[in-house]
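The file coords_7.cif contains mmCIF, C-alpha atoms and all ligand atoms:
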```cif
data_target
#
loop_
_atom_site.label_atom_id
_atom_site.label_comp_id
_atom_site.auth_asym_id
_atom_site.auth_seq_id
_atom_site.Cartn_x
_atom_site.Cartn_y
_atom_site.Cartn_z
CA ASP O 1 34.09 -13.38 11.20
CA PHE O 2 34.31 -11.81 7.76
CA SER O 3 36.43 -14.65 6.32
CA ASP O 4 33.63 -17.19 6.67
CA PRO O 5 31.99 -17.32 3.21
CA PHE O 6 28.63 -18.27 4.73
CA ILE O 7 28.58 -15.14 6.87
CA SER O 8 29.96 -12.75 4.26
CA LYS O 9 27.15 -13.74 1.89
CA ARG O 10 24.82 -11.84 4.17
CA PHE O 11 26.70 -8.60 3.68
CA ARG O 12 25.95 -6.04 0.97
CA ALA O 13 29.46 -5.72 -0.39
CA ALA O 14 32.52 -7.59 0.83
CA ASP O 15 34.88 -4.82 -0.21
CA ALA O 16 37.76 -3.18 1.61
CA THR O 17 36.47 0.41 1.20
CA PRO O 18 36.86 2.16 4.55
CA VAL O 19 33.49 2.89 6.13
CA PRO O 20 33.04 6.62 6.85
CA ARG O 21 32.36 7.57 10.48
CA PHE O 22 30.50 10.83 10.02
CA LEU O 23 28.84 13.19 7.54
CA SER O 24 29.14 16.98 7.68
CA THR O 25 25.92 19.04 7.59
CA ARG O 26 27.51 22.40 6.65
CA ALA O 27 25.31 23.97 3.98
CA GLN O 28 28.18 25.32 1.81
CA LEU O 29 29.40 21.77 1.14
CA TYR O 30 26.14 21.02 -0.67
CA GLU O 31 25.94 24.09 -2.94
CA ARG O 32 26.29 22.33 -6.28
CA VAL O 33 23.99 21.56 -9.20
CA PHE O 34 20.54 20.29 -8.32
CA PRO O 35 20.63 16.47 -8.20
CA GLN O 36 18.37 14.37 -10.35
CA TYR O 37 14.99 13.93 -8.68
CA ARG O 38 12.60 11.85 -10.72
CA GLN O 39 8.97 12.98 -10.77
CA PRO O 40 7.31 11.08 -7.90
CA VAL O 41 4.77 8.49 -9.05
CA GLU O 42 1.89 7.43 -6.83
CA ILE O 43 1.86 3.63 -6.64
CA GLY O 44 -0.93 3.36 -4.07
CA GLY O 45 -2.40 4.71 -0.91
CA PHE O 46 -3.99 3.64 2.35
CA SER O 47 -6.36 4.96 4.98
CA LEU O 48 -6.33 4.95 8.77
CA ASP O 49 -9.80 5.23 10.28
CA SER O 50 -11.05 6.81 13.52
CA GLN O 51 -9.67 3.82 15.47
CA ARG O 52 -6.36 3.95 13.58
CA SER O 53 -7.24 0.76 11.65
CA PHE O 54 -5.54 0.23 8.28
CA PHE O 55 -7.43 0.00 4.96
CA ASN O 56 -5.74 -0.57 1.63
CA ASP O 57 -7.83 2.13 -0.09
CA SER O 58 -8.51 5.88 -0.17
CA ARG O 59 -11.68 5.98 1.95
CA GLN O 60 -10.23 8.76 4.14
CA LEU O 61 -9.20 11.02 1.26
CA ARG O 62 -11.12 14.31 1.48
CA TYR O 63 -12.07 17.00 -1.06
CA TYR O 64 -10.98 20.63 -0.90
CA VAL O 65 -13.74 23.24 -0.76
CA ASP O 66 -12.51 26.80 -1.38
CA PRO O 67 -13.42 28.95 1.65
CA GLY O 68 -12.79 32.31 -0.07
CA LYS O 69 -10.08 34.83 0.84
CA LYS O 70 -11.26 36.03 4.29
CA PRO O 71 -13.34 33.31 5.93
CA HIS O 72 -13.04 34.31 9.66
CA PHE O 73 -13.05 30.68 10.82
CA ASN O 74 -12.80 30.21 14.57
CA LEU O 75 -10.15 27.51 15.04
CA ARG O 76 -10.80 27.23 18.79
CA ASP O 77 -14.31 25.88 18.23
CA GLY O 78 -14.69 22.27 19.39
CA TYR O 79 -11.34 21.96 21.18
CA ARG O 80 -13.01 21.03 24.49
CA ASP O 81 -16.00 19.04 23.31
CA ARG O 82 -15.48 17.73 19.73
CA PHE O 83 -11.84 16.64 19.62
CA ILE O 84 -10.43 13.10 19.68
CA LYS O 85 -6.65 13.23 19.75
CA ARG O 86 -4.41 10.43 18.52
CA ASP O 87 -2.20 9.05 21.31
CA ASP O 88 1.21 10.32 20.19
CA GLY O 89 2.94 8.23 22.86
CA VAL O 90 2.16 5.17 20.68
CA LYS O 91 5.06 4.66 18.26
CA GLU O 92 3.82 3.05 15.04
CA LYS O 93 7.21 3.10 13.36
CA LEU O 94 6.95 1.90 9.74
CA ASP O 95 4.11 -0.54 10.50
CA HIS O 96 1.43 1.01 8.23
CA ILE O 97 3.81 1.24 5.27
CA LEU O 98 4.91 -2.37 5.82
CA ARG O 99 1.27 -3.41 5.93
CA TRP O 100 0.76 -1.61 2.60
CA ILE O 101 3.82 -3.35 1.10
CA VAL O 102 2.55 -6.77 2.17
CA SER O 103 -0.88 -6.02 0.65
CA ASN O 104 0.65 -4.82 -2.63
CA ARG O 105 3.68 -7.01 -3.18
CA ALA O 106 2.58 -8.28 -6.56
CA LYS O 107 2.28 -4.70 -7.83
CA LEU O 108 5.77 -3.86 -6.56
CA ARG O 109 7.53 -6.84 -8.09
CA SER O 110 5.89 -6.43 -11.47
CA THR O 111 7.25 -2.90 -11.91
CA PRO O 112 10.06 -2.65 -14.48
CA THR O 113 12.66 -1.83 -11.81
CA SER O 114 13.33 -5.48 -10.99
CA LEU O 115 16.87 -5.31 -12.37
CA SER O 116 17.65 -4.19 -8.83
CA SER O 117 19.14 -6.68 -6.37
CA SER O 118 16.22 -6.20 -3.99
CA PRO O 119 12.94 -8.07 -4.48
CA LEU O 120 11.01 -4.86 -3.70
CA GLY O 121 12.95 -2.96 -6.37
CA VAL O 122 13.74 -0.02 -4.05
CA ASP O 123 16.76 1.00 -1.99
CA PHE O 124 14.91 2.84 0.79
CA VAL O 125 11.53 2.54 2.49
CA THR O 126 10.54 5.32 4.90
CA TRP O 127 8.02 8.01 5.84
CA ARG O 128 8.02 11.25 3.87
CA GLY O 129 8.23 13.12 7.21
CA HIS O 130 11.59 11.47 7.96
CA LEU O 131 12.97 12.62 4.60
CA THR O 132 11.67 16.14 5.28
CA LYS O 133 13.83 16.21 8.41
CA VAL O 134 16.85 15.07 6.41
CA LEU O 135 16.25 17.74 3.73
CA THR O 136 16.09 20.59 6.25
CA THR O 137 19.08 19.43 8.35
CA PRO O 138 21.70 21.85 6.89
CA TYR O 139 19.49 24.76 8.07
CA GLU O 140 18.04 23.37 11.29
CA THR O 141 19.31 24.98 14.50
CA GLN O 142 16.77 23.76 17.09
CA GLU O 143 15.92 20.08 16.85
CA GLY O 144 18.15 17.06 16.25
CA TRP O 145 17.00 13.64 15.06
CA LEU O 146 17.59 9.91 15.38
CA LEU O 147 16.98 7.64 12.40
CA ALA O 148 17.12 3.86 12.82
CA VAL O 149 18.12 1.91 9.69
CA SER O 150 17.93 -1.84 9.04
CA TYR O 151 18.95 -3.64 5.85
CA PHE O 152 16.65 -6.51 4.94
CA ARG O 153 16.51 -8.42 1.66
CA GLY O 154 18.18 -5.72 -0.37
CA THR O 155 16.19 -2.76 0.97
CA LEU O 156 17.14 -0.20 3.63
CA TYR O 157 14.30 0.62 6.03
CA MET O 158 14.54 3.94 7.84
CA SER O 159 12.38 4.68 10.92
CA GLU O 160 12.59 7.63 13.27
CA VAL O 161 13.30 7.24 16.99
CA GLU O 162 12.05 10.03 19.23
CA THR O 163 14.95 11.97 20.77
CA GLU O 164 15.09 12.47 24.53
CA ALA O 165 14.61 16.22 23.98
CA ALA O 166 11.55 15.66 21.77
CA ARG O 167 10.03 13.34 24.38
CA VAL O 168 10.56 15.93 27.14
CA ASN O 169 8.95 18.60 24.92
CA ARG O 170 6.02 16.32 24.10
CA GLU O 171 5.41 15.47 27.76
CA ASN O 172 5.63 19.11 28.88
CA ARG O 173 3.56 20.96 26.30
CA THR O 174 1.68 23.95 27.66
CA GLU O 175 -2.11 24.04 27.49
CA ARG O 176 -1.79 26.88 24.93
CA HIS O 177 0.53 24.75 22.76
CA GLU O 178 -1.82 21.72 23.00
CA GLU O 179 -4.71 23.90 21.83
CA MET O 180 -2.70 25.46 19.01
CA MET O 181 -1.85 21.99 17.71
CA TYR O 182 -5.61 21.45 17.36
CA TRP O 183 -6.01 24.59 15.23
CA GLY O 184 -4.36 23.01 12.21
CA TYR O 185 -6.76 20.05 12.28
CA LYS O 186 -9.76 22.35 12.80
CA PHE O 187 -8.72 24.35 9.73
CA GLU O 188 -8.70 21.09 7.73
CA GLN O 189 -12.27 20.41 8.86
CA TYR O 190 -13.44 23.88 7.70
CA VAL O 191 -12.12 23.35 4.15
CA CYS O 192 -12.56 19.59 3.55
CA ALA O 193 -15.61 17.55 2.57
CA ASP O 194 -15.85 13.76 2.85
CA ASP O 195 -17.40 13.34 -0.60
CA VAL O 196 -16.89 15.04 -3.93
CA ASN O 197 -20.36 16.60 -3.84
CA SER O 198 -20.70 17.36 -0.12
CA VAL O 199 -19.73 20.38 2.00
CA PRO O 200 -17.48 20.63 5.08
CA ASP O 201 -19.10 19.64 8.38
CA ARG O 202 -17.80 22.31 10.76
CA GLY O 203 -19.91 20.97 13.62
CA GLY O 204 -18.44 17.45 13.44
CA VAL O 205 -15.78 15.84 15.60
CA VAL O 206 -12.10 16.37 14.77
CA ASN O 207 -10.42 12.97 15.10
CA THR O 208 -6.66 12.97 14.43
CA ASN O 209 -6.50 9.19 14.13
CA GLU O 210 -8.02 9.52 10.66
CA ALA O 211 -5.62 9.84 7.74
CA PHE O 212 -5.12 9.15 4.07
CA CYS O 213 -1.52 8.41 3.07
CA THR O 214 -0.16 8.30 -0.46
CA VAL O 215 2.62 5.85 -1.35
CA VAL O 216 5.04 7.16 -3.94
CA GLN O 217 8.08 5.90 -5.74
CA THR O 218 10.84 8.11 -7.04
CA ARG O 219 14.61 8.34 -7.42
CA LEU O 220 17.07 10.86 -5.94
CA ALA O 221 20.40 10.59 -7.80
CA ASP O 222 21.06 6.81 -7.63
CA HIS O 223 18.73 6.13 -4.69
CA LYS O 224 15.42 4.44 -5.46
CA LEU O 225 12.93 5.55 -2.86
CA LEU O 226 9.54 4.32 -1.71
CA PHE O 227 7.88 6.50 0.89
CA SER O 228 4.48 7.38 2.24
CA GLY O 229 3.09 10.70 3.36
CA GLU O 230 -0.18 11.92 4.77
CA VAL O 231 -2.30 13.87 2.26
CA ASP O 232 -4.81 16.41 3.57
CA CYS O 233 -7.15 16.60 0.60
CA ARG O 234 -7.49 16.68 -3.19
CA ASP O 235 -8.88 19.00 -5.82
CA LYS O 236 -12.50 17.97 -6.35
CA ASP O 237 -12.57 18.98 -10.02
CA PRO O 238 -12.91 15.73 -12.02
CA ALA O 239 -10.66 17.35 -14.66
CA ALA O 240 -7.85 17.84 -12.12
CA PRO O 241 -4.55 16.08 -12.95
CA ALA O 242 -3.81 12.62 -11.58
CA ALA O 243 -2.31 12.13 -8.12
CA PRO O 244 -0.04 13.43 -6.66
CA ALA O 245 -0.63 16.60 -8.75
CA CYS O 246 -4.25 16.94 -7.57
CA TYR O 247 -3.27 16.85 -3.88
CA ILE O 248 -3.35 19.92 -1.64
CA GLU O 249 -1.41 20.39 1.59
CA LEU O 250 -3.18 22.47 4.26
CA LYS O 251 -1.34 24.65 6.75
CA THR O 252 -2.06 27.28 9.34
CA SER O 253 0.37 29.98 10.35
CA ALA O 254 0.39 33.20 12.35
CA GLU O 255 -0.68 36.20 10.26
CA ILE O 256 2.23 38.24 8.92
CA CYS O 257 2.16 41.88 10.06
CA THR O 258 5.78 43.10 9.98
CA PRO O 259 8.77 42.78 7.58
CA LYS O 260 10.57 40.81 10.32
CA GLN O 261 7.67 38.31 10.48
CA ARG O 262 7.68 38.05 6.68
CA SER O 263 11.40 37.32 6.70
CA ASN O 264 11.08 34.66 9.42
CA PHE O 265 8.20 33.05 7.55
CA ASN O 266 10.30 32.85 4.36
CA ARG O 267 13.44 31.62 6.10
CA PHE O 268 11.99 29.00 8.43
CA LYS O 269 8.40 28.08 7.66
CA LEU O 270 8.59 28.08 3.87
CA LEU O 271 11.65 25.78 4.07
CA LYS O 272 9.60 23.16 5.94
CA TRP O 273 6.55 23.60 3.73
CA TRP O 274 8.62 23.35 0.58
CA ALA O 275 10.55 20.24 1.68
CA GLN O 276 7.44 18.39 2.81
CA SER O 277 5.43 18.92 -0.38
CA PHE O 278 8.25 18.86 -2.91
CA LEU O 279 9.20 15.31 -1.88
CA PRO O 280 5.90 13.63 -2.90
CA GLY O 281 5.21 16.07 -5.76
CA VAL O 282 2.29 17.86 -4.10
CA PRO O 283 2.10 21.13 -6.07
CA ARG O 284 0.10 23.43 -3.76
CA VAL O 285 -0.19 24.48 -0.14
CA VAL O 286 -3.33 26.29 1.02
CA ALA O 287 -2.34 28.41 4.01
CA GLY O 288 -4.77 29.80 6.57
CA PHE O 289 -3.25 32.82 8.34
CA ARG O 290 -4.72 33.23 11.82
CA ASP O 291 -4.58 35.85 14.52
CA HIS O 292 -3.59 35.35 18.18
CA ASP O 293 -7.12 34.23 19.06
CA GLY O 294 -7.24 31.47 16.46
CA VAL O 295 -9.36 33.30 13.89
CA VAL O 296 -8.38 32.73 10.24
CA VAL O 297 -8.05 36.21 8.75
CA SER O 298 -6.82 35.24 5.27
CA VAL O 299 -6.33 32.20 3.04
CA GLU O 300 -3.67 31.99 0.35
CA THR O 301 -2.57 29.34 -2.13
CA ILE O 302 1.18 28.89 -2.39
CA HIS O 303 2.61 27.02 -5.38
CA ILE O 304 5.59 24.87 -4.37
CA SER O 305 7.32 25.52 -7.71
CA LYS O 306 7.26 29.28 -7.00
CA ILE O 307 8.79 29.13 -3.51
CA SER O 308 12.41 29.24 -4.68
CA GLN O 309 11.60 32.56 -6.46
CA LEU O 310 9.78 33.94 -3.40
CA ILE O 311 12.84 33.48 -1.18
CA LYS O 312 15.57 34.60 -3.58
CA ASN O 313 15.60 38.17 -2.19
CA GLU O 314 15.91 36.93 1.37
CA HIS O 315 19.39 37.54 2.84
CA ASN O 316 21.27 34.37 3.90
CA CYS O 317 18.35 32.16 2.91
CA TRP O 318 18.01 28.40 2.43
CA LYS O 319 18.50 26.79 -0.99
CA PRO O 320 16.57 23.80 -2.38
CA THR O 321 19.74 22.40 -4.00
CA VAL O 322 21.52 22.24 -0.62
CA CYS O 323 18.60 20.29 0.86
CA MET O 324 18.48 17.79 -2.00
CA ASN O 325 22.25 17.31 -2.27
CA PHE O 326 22.53 16.82 1.48
CA CYS O 327 19.74 14.22 1.35
CA SER O 328 21.41 12.41 -1.53
CA ASP O 329 24.77 12.38 0.28
CA PHE O 330 23.12 11.25 3.51
CA LEU O 331 21.50 8.30 1.71
CA SER O 332 24.90 7.43 0.15
CA PHE O 333 26.43 7.64 3.65
CA VAL O 334 23.76 5.24 4.95
CA LYS O 335 24.44 2.84 2.08
CA SER O 336 28.18 2.88 2.77
CA VAL O 337 27.68 2.22 6.49
CA VAL O 338 24.85 -0.33 6.54
CA LYS O 339 26.17 -3.50 4.95
CA GLU O 340 24.82 -6.47 6.89
CA ASP O 341 21.45 -7.85 5.76
CA ASN O 342 19.81 -8.53 9.11
CA PRO O 343 16.39 -7.22 10.18
CA ARG O 344 17.36 -7.32 13.87
CA LEU O 345 20.45 -5.17 13.41
CA VAL O 346 19.89 -1.42 13.68
CA TYR O 347 22.26 1.35 12.70
CA LEU O 348 21.19 4.44 14.62
CA PHE O 349 22.05 7.65 12.77
CA THR O 350 22.26 10.60 15.13
CA TRP O 351 22.32 14.29 14.50
CA GLU O 352 22.33 17.34 16.80
CA PRO O 353 22.42 20.95 15.52
CA ARG O 354 25.94 22.28 14.83
CA ARG O 355 27.30 18.71 14.72
CA ASP O 356 28.11 16.04 12.11
CA VAL O 357 25.84 13.05 11.51
CA THR O 358 27.28 9.99 13.32
CA TYR O 359 25.97 6.49 14.06
CA THR O 360 26.00 3.61 16.52
CA VAL O 361 25.25 -0.09 15.92
CA HIS O 362 22.70 -2.11 17.91
CA ARG O 363 22.06 -5.86 17.68
CA ASP O 364 18.75 -7.29 18.99
CA SER O 365 18.06 -4.13 20.97
CA GLN O 366 15.13 -1.87 21.85
CA TYR O 367 15.76 -0.20 18.49
CA THR O 368 14.88 -3.22 16.33
CA PHE O 369 11.77 -2.07 14.43
CA LEU O 370 11.00 -4.51 11.60
CA PRO O 371 8.21 -6.68 13.07
CA ASP O 372 8.27 -10.50 12.93
CA TRP O 373 5.03 -10.58 10.92
CA TYR O 374 6.69 -8.54 8.19
CA ILE O 375 9.92 -10.56 8.18
CA ASN O 376 7.93 -13.81 7.97
CA GLU O 377 5.70 -12.45 5.21
CA ILE O 378 8.63 -11.28 3.06
CA THR O 379 10.75 -14.36 3.75
CA SER O 380 8.01 -16.84 2.79
O1 LIG Z 401 7.58 9.83 14.00
C1 LIG Z 401 6.75 10.08 13.16
N1 LIG Z 401 6.72 11.25 12.56
C2 LIG Z 401 5.78 9.07 12.81
C3 LIG Z 401 4.80 9.33 11.92
C4 LIG Z 401 5.89 7.80 13.46
C5 LIG Z 401 4.92 6.88 13.08
C6 LIG Z 401 3.95 7.19 12.23
N2 LIG Z 401 3.89 8.38 11.64
C7 LIG Z 401 2.90 8.59 10.68
C8 LIG Z 401 1.46 8.47 10.98
O2 LIG Z 401 0.96 7.26 10.55
C9 LIG Z 401 0.85 9.63 10.15
O3 LIG Z 401 -0.32 9.26 9.55
O4 LIG Z 401 3.00 9.86 10.22
C10 LIG Z 401 1.98 9.91 9.27
C11 LIG Z 401 2.22 11.14 8.51
O5 LIG Z 401 3.42 10.83 7.91
P1 LIG Z 401 4.24 11.88 7.09
O6 LIG Z 401 3.34 12.48 6.09
O7 LIG Z 401 5.47 11.21 6.69
O8 LIG Z 401 4.57 12.94 8.25
P2 LIG Z 401 4.75 14.50 8.15
O9 LIG Z 401 5.05 14.98 6.80
O10 LIG Z 401 5.71 14.84 9.25
O11 LIG Z 401 3.36 15.04 8.60
C12 LIG Z 401 2.24 15.13 7.74
C13 LIG Z 401 1.00 15.31 8.57
C14 LIG Z 401 1.08 16.44 9.55
O12 LIG Z 401 0.60 17.57 8.91
P3 LIG Z 401 1.33 19.00 9.09
O13 LIG Z 401 0.57 19.91 8.17
O14 LIG Z 401 1.22 19.34 10.53
O15 LIG Z 401 2.74 18.81 8.63
O16 LIG Z 401 0.76 14.14 9.31
C15 LIG Z 401 0.32 14.49 10.61
C16 LIG Z 401 0.20 15.99 10.67
O17 LIG Z 401 -1.14 16.32 10.41
N3 LIG Z 401 1.29 13.86 11.50
C17 LIG Z 401 1.03 12.82 12.23
N4 LIG Z 401 -0.10 12.17 12.41
C18 LIG Z 401 -0.05 11.16 13.23
N5 LIG Z 401 1.05 10.75 13.87
C19 LIG Z 401 2.22 12.48 12.87
C20 LIG Z 401 2.21 11.39 13.74
N6 LIG Z 401 3.28 11.01 14.43
N7 LIG Z 401 3.19 13.32 12.50
C21 LIG Z 401 2.60 14.14 11.65
CA CA Z 402 -1.22 19.70 6.83
#
```
Would you mind giving the structure from this file in structure tokens?
Ligand code: 0WD
Ligand code: CA
Amino acid sequence: DFSDPFISKRFRAADATPVPRFLSTRAQLYERVFPQYRQPVEIGGFSLDSQRSFFNDSRQLRYYVDPGKKPHFNLRDGYRDRFIKRDDGVKEKLDHILRWIVSNRAKLRSTPTSLSSSPLGVDFVTWRGHLTKVLTTPYETQEGWLLAVSYFRGTLYMSEVETEAARVNRENRTERHEEMMYWGYKFEQYVCADDVNSVPDRGGVVNTNEAFCTVVQTRLADHKLLFSGEVDCRDKDPAAPAAPACYIELKTSAEICTPKQRSNFNRFKLLKWWAQSFLPGVPRVVAGFRDHDGVVVSVETIHISKISQLIKNEHNCWKPTVCMNFCSDFLSFVKSVVKEDNPRLVYLFTWEPRRDVTYTVHRDSQYTFLPDWYINEITS
């Protein structure tokens, strides 16, 4: 009942603007000037230990140790006997970020953004990985996504829901695919040390529960964002710039032998690498190129700011401005749809390749993701 003043108070805006039903994802629609994207500022970080326990500090942050140009690392080493894999059937949703917010509320409220209607001073709270998926949507042809959004005390919380297709893929991975997923983590172990003065321990256990996540604040057009992303390591030079500029993203990829492989790398992989690191302001990716047997044959540093130049000669290639304008328009779309301040109400934004973004509304359903402990903590 929208005429009841008590109820309408709980809505964002009691205006008569028609609510849009869908958002187009056609790339050409987003080819306009690059939107404003404020330099991301690190406002904190947290660690997840080998048991996936939360710590409000950077104890899991590691230090990059340059392996040289042709290290010949064997990425298959330890897969059978020194690998502890995180249970990816456990859905943590935004829980770790919410835990960080609760532990750092004073810091958040004292920032000079409190002119905003929300006590947290931000419009959106989410994972960096969810925003990466939004950025790459106009060019994605394989995998769709589901993003659950709830509006609570002036802030929109956005948490991914695994699609049916992604669940089927996850539950039916081949043994080869399972092993190749390990290779990326093994590469991290070869080039990361636990302490600023120590060296990598290549004989240790690879445990994918362990993580350090940065928490950054930034603004895309008129959207104030707070998001967290996992950081692989940092520059160990004490003279390195402050975070996030000292952070390094680590990647592995198949070695590039043909012009066709080069073109595919530029068109598909560099898009994902760019989007992921550009968002939090991580300036460099260190890529380990490996052969079919999991041996790293070369290591290269790729500067995120140079990627747009690298791809300019590629025919029919992706454009950073399309990604950022689509993201900005998607966040505006979310704001225009999600109006009721209610942590148990979920708007489920759905996208499948070659389709528009649409949404459905769910009250007190399986999709509700803001936990009671968080609601109670923020409400008190
Ligand atoms: O649905 C998801 N993607 C969820 C992610 C649901 C719930 C939690 N997470 C969190 C985990 O806490 C993890 O620590 O994801 C965190 C990483 O967040 P992110 O930085 O926003 O994610 P993304 O940018 O997609 O991935 C960064 C790295 C990956 O590195 P590569 O180089 O492969 O892109 O985080 C790792 C992976 O190493 N990673 C994950 N680790 C644990 N759980 C997950 C995950 N679900 N997804 C990626
Ligand atoms: Ca990585």
Go through range 154-200 of chain O and flag each residue having an atom no more than 10 Å from range 278-298 of chain O; for those, report the closest pair of atoms plus their distance in Å to one decimal, using all atoms listed in the file, ordered by chain and rising number, as CSV.
```
residue,atom,partner,partner_atom,distance
O:Glu179,CA,O:Gly294,CA,9.6
O:Met180,CA,O:Gly294,CA,8.0
O:Trp183,CA,O:Gly294,CA,7.1
O:Gly184,CA,O:Gly288,CA,8.8
O:Phe187,CA,O:Gly288,CA,7.4
O:Glu188,CA,O:Gly288,CA,9.6
O:Val191,CA,O:Val286,CA,9.8
```
(Q) Can you work out which residues are within 9 Å of ligand LIG 401 (chain Z), considering only C-alpha atoms and all ligand atoms, and then hand them over as a PyMOL selection string? (A) chain O and resi 47-48+52+86-97+126-133+159-162+181+184-185+208-214+227-232+249-252+272-273+276-277
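The two atoms in question, CA of Val346 in chain O and CA of Ala166 in chain O, are spaced 20.7 Å apart.
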Q. So what do you get for CA of Ala221 in chain O versus CA of Gln36 in chain O, distance-wise?
A.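 Interatomic distance here is 5.0 Å.
Nearest residue to ligand CA 402 (chain Z) among O:Thr136, O:Asn342, O:Ser253, O:Gln142 is O:Ser253, counting all atoms listed in the file.
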Q: Have a look at O:Val33, O:Arg176, O:Leu156, O:Tyr247 and name the one nearest to ligand CA 402 (chain Z); count only C-alpha atoms and all ligand atoms.
A: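 Distance minimum relative to ligand CA 402 (chain Z) lands on O:Tyr247.
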(Q) If we count only C-alpha atoms and set the cut-off at 10 Å, which residues sit around Cys246 in chain O, ignoring sequence neighbours fewer than 3 positions away in its own chain? Please answer as JSON, numbers by chain. (A) {"O": [233, 234, 235, 236, 237, 238, 239, 240, 241, 242, 243, 281, 282, 283, 284]}
Q: Go through O:Gly68, O:Arg173, O:Lys260, O:Gln189 one by one, measure the shortest atom-to-atom distance of each to ligand CA 402 (chain Z) using only C-alpha atoms and all ligand atoms, and give the residue with the smallest value.
A: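 Between O:Gly68, O:Arg173, O:Lys260, O:Gln189, the residue approaching ligand CA 402 (chain Z) most closely is O:Gln189.
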**Q.** Best match for closeness to Glu164 in chain O among O:Glu143, O:Tyr151, O:Tyr359, O:Ile302, counting all atoms listed in the file
**A.**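 Closest to Glu164 in chain O of all the choices is O:Glu143.
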Q. How many Å separate CA of His177 in chain O from CA of Ile256 in chain O?
A.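 Separating CA of His177 in chain O from CA of Ile256 in chain O is a distance of 19.4 Å.
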Q | Nearest to ligand CA 402 (chain Z), chosen from O:Ile43, O:Ile248, O:Ala165, O:Ala16, with all atoms listed in the file counted in the distances | A | O:Ile248
Q) With distances taken over all atoms listed in the file, which of O:Arg267, O:His223, O:Lys186, O:Lys70 is nearest to ligand CA 402 (chain Z)? A)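 So, comparing all the options, the nearest one is O:Lys186.
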Report, as lines of an AutoDock Vina configuration file, the centre and edge lengths in Å (one decimal) of the axis-aligned box enclosing every listed atom of range 367-378 of chain O, padded by 8 Å on each side.
```
center_x = 10.4
center_y = -7.0
center_z = 10.8
size_x = 26.7
size_y = 29.6
size_z = 31.4
```
Q.
Taking (-9.4, 13.7, 17.5) as a centre in this file's frame and 6 Å as the limit, can you find every polymer residue with an atom that close, using all atoms listed in the file, and give them as a list in words?
A.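 Residues satisfying the cut-off, written out: Phe83, Ile84, Lys85, Val206, Asn207 and Thr208 of chain O.
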Q. Which neighbours of Phe333 in chain O fall inside 8 Å, counting all atoms listed in the file, when residues of the same chain fewer than 4 positions from it are skipped, and could you give them as a ChimeraX atom specification?
A. /O:20,23,329,337
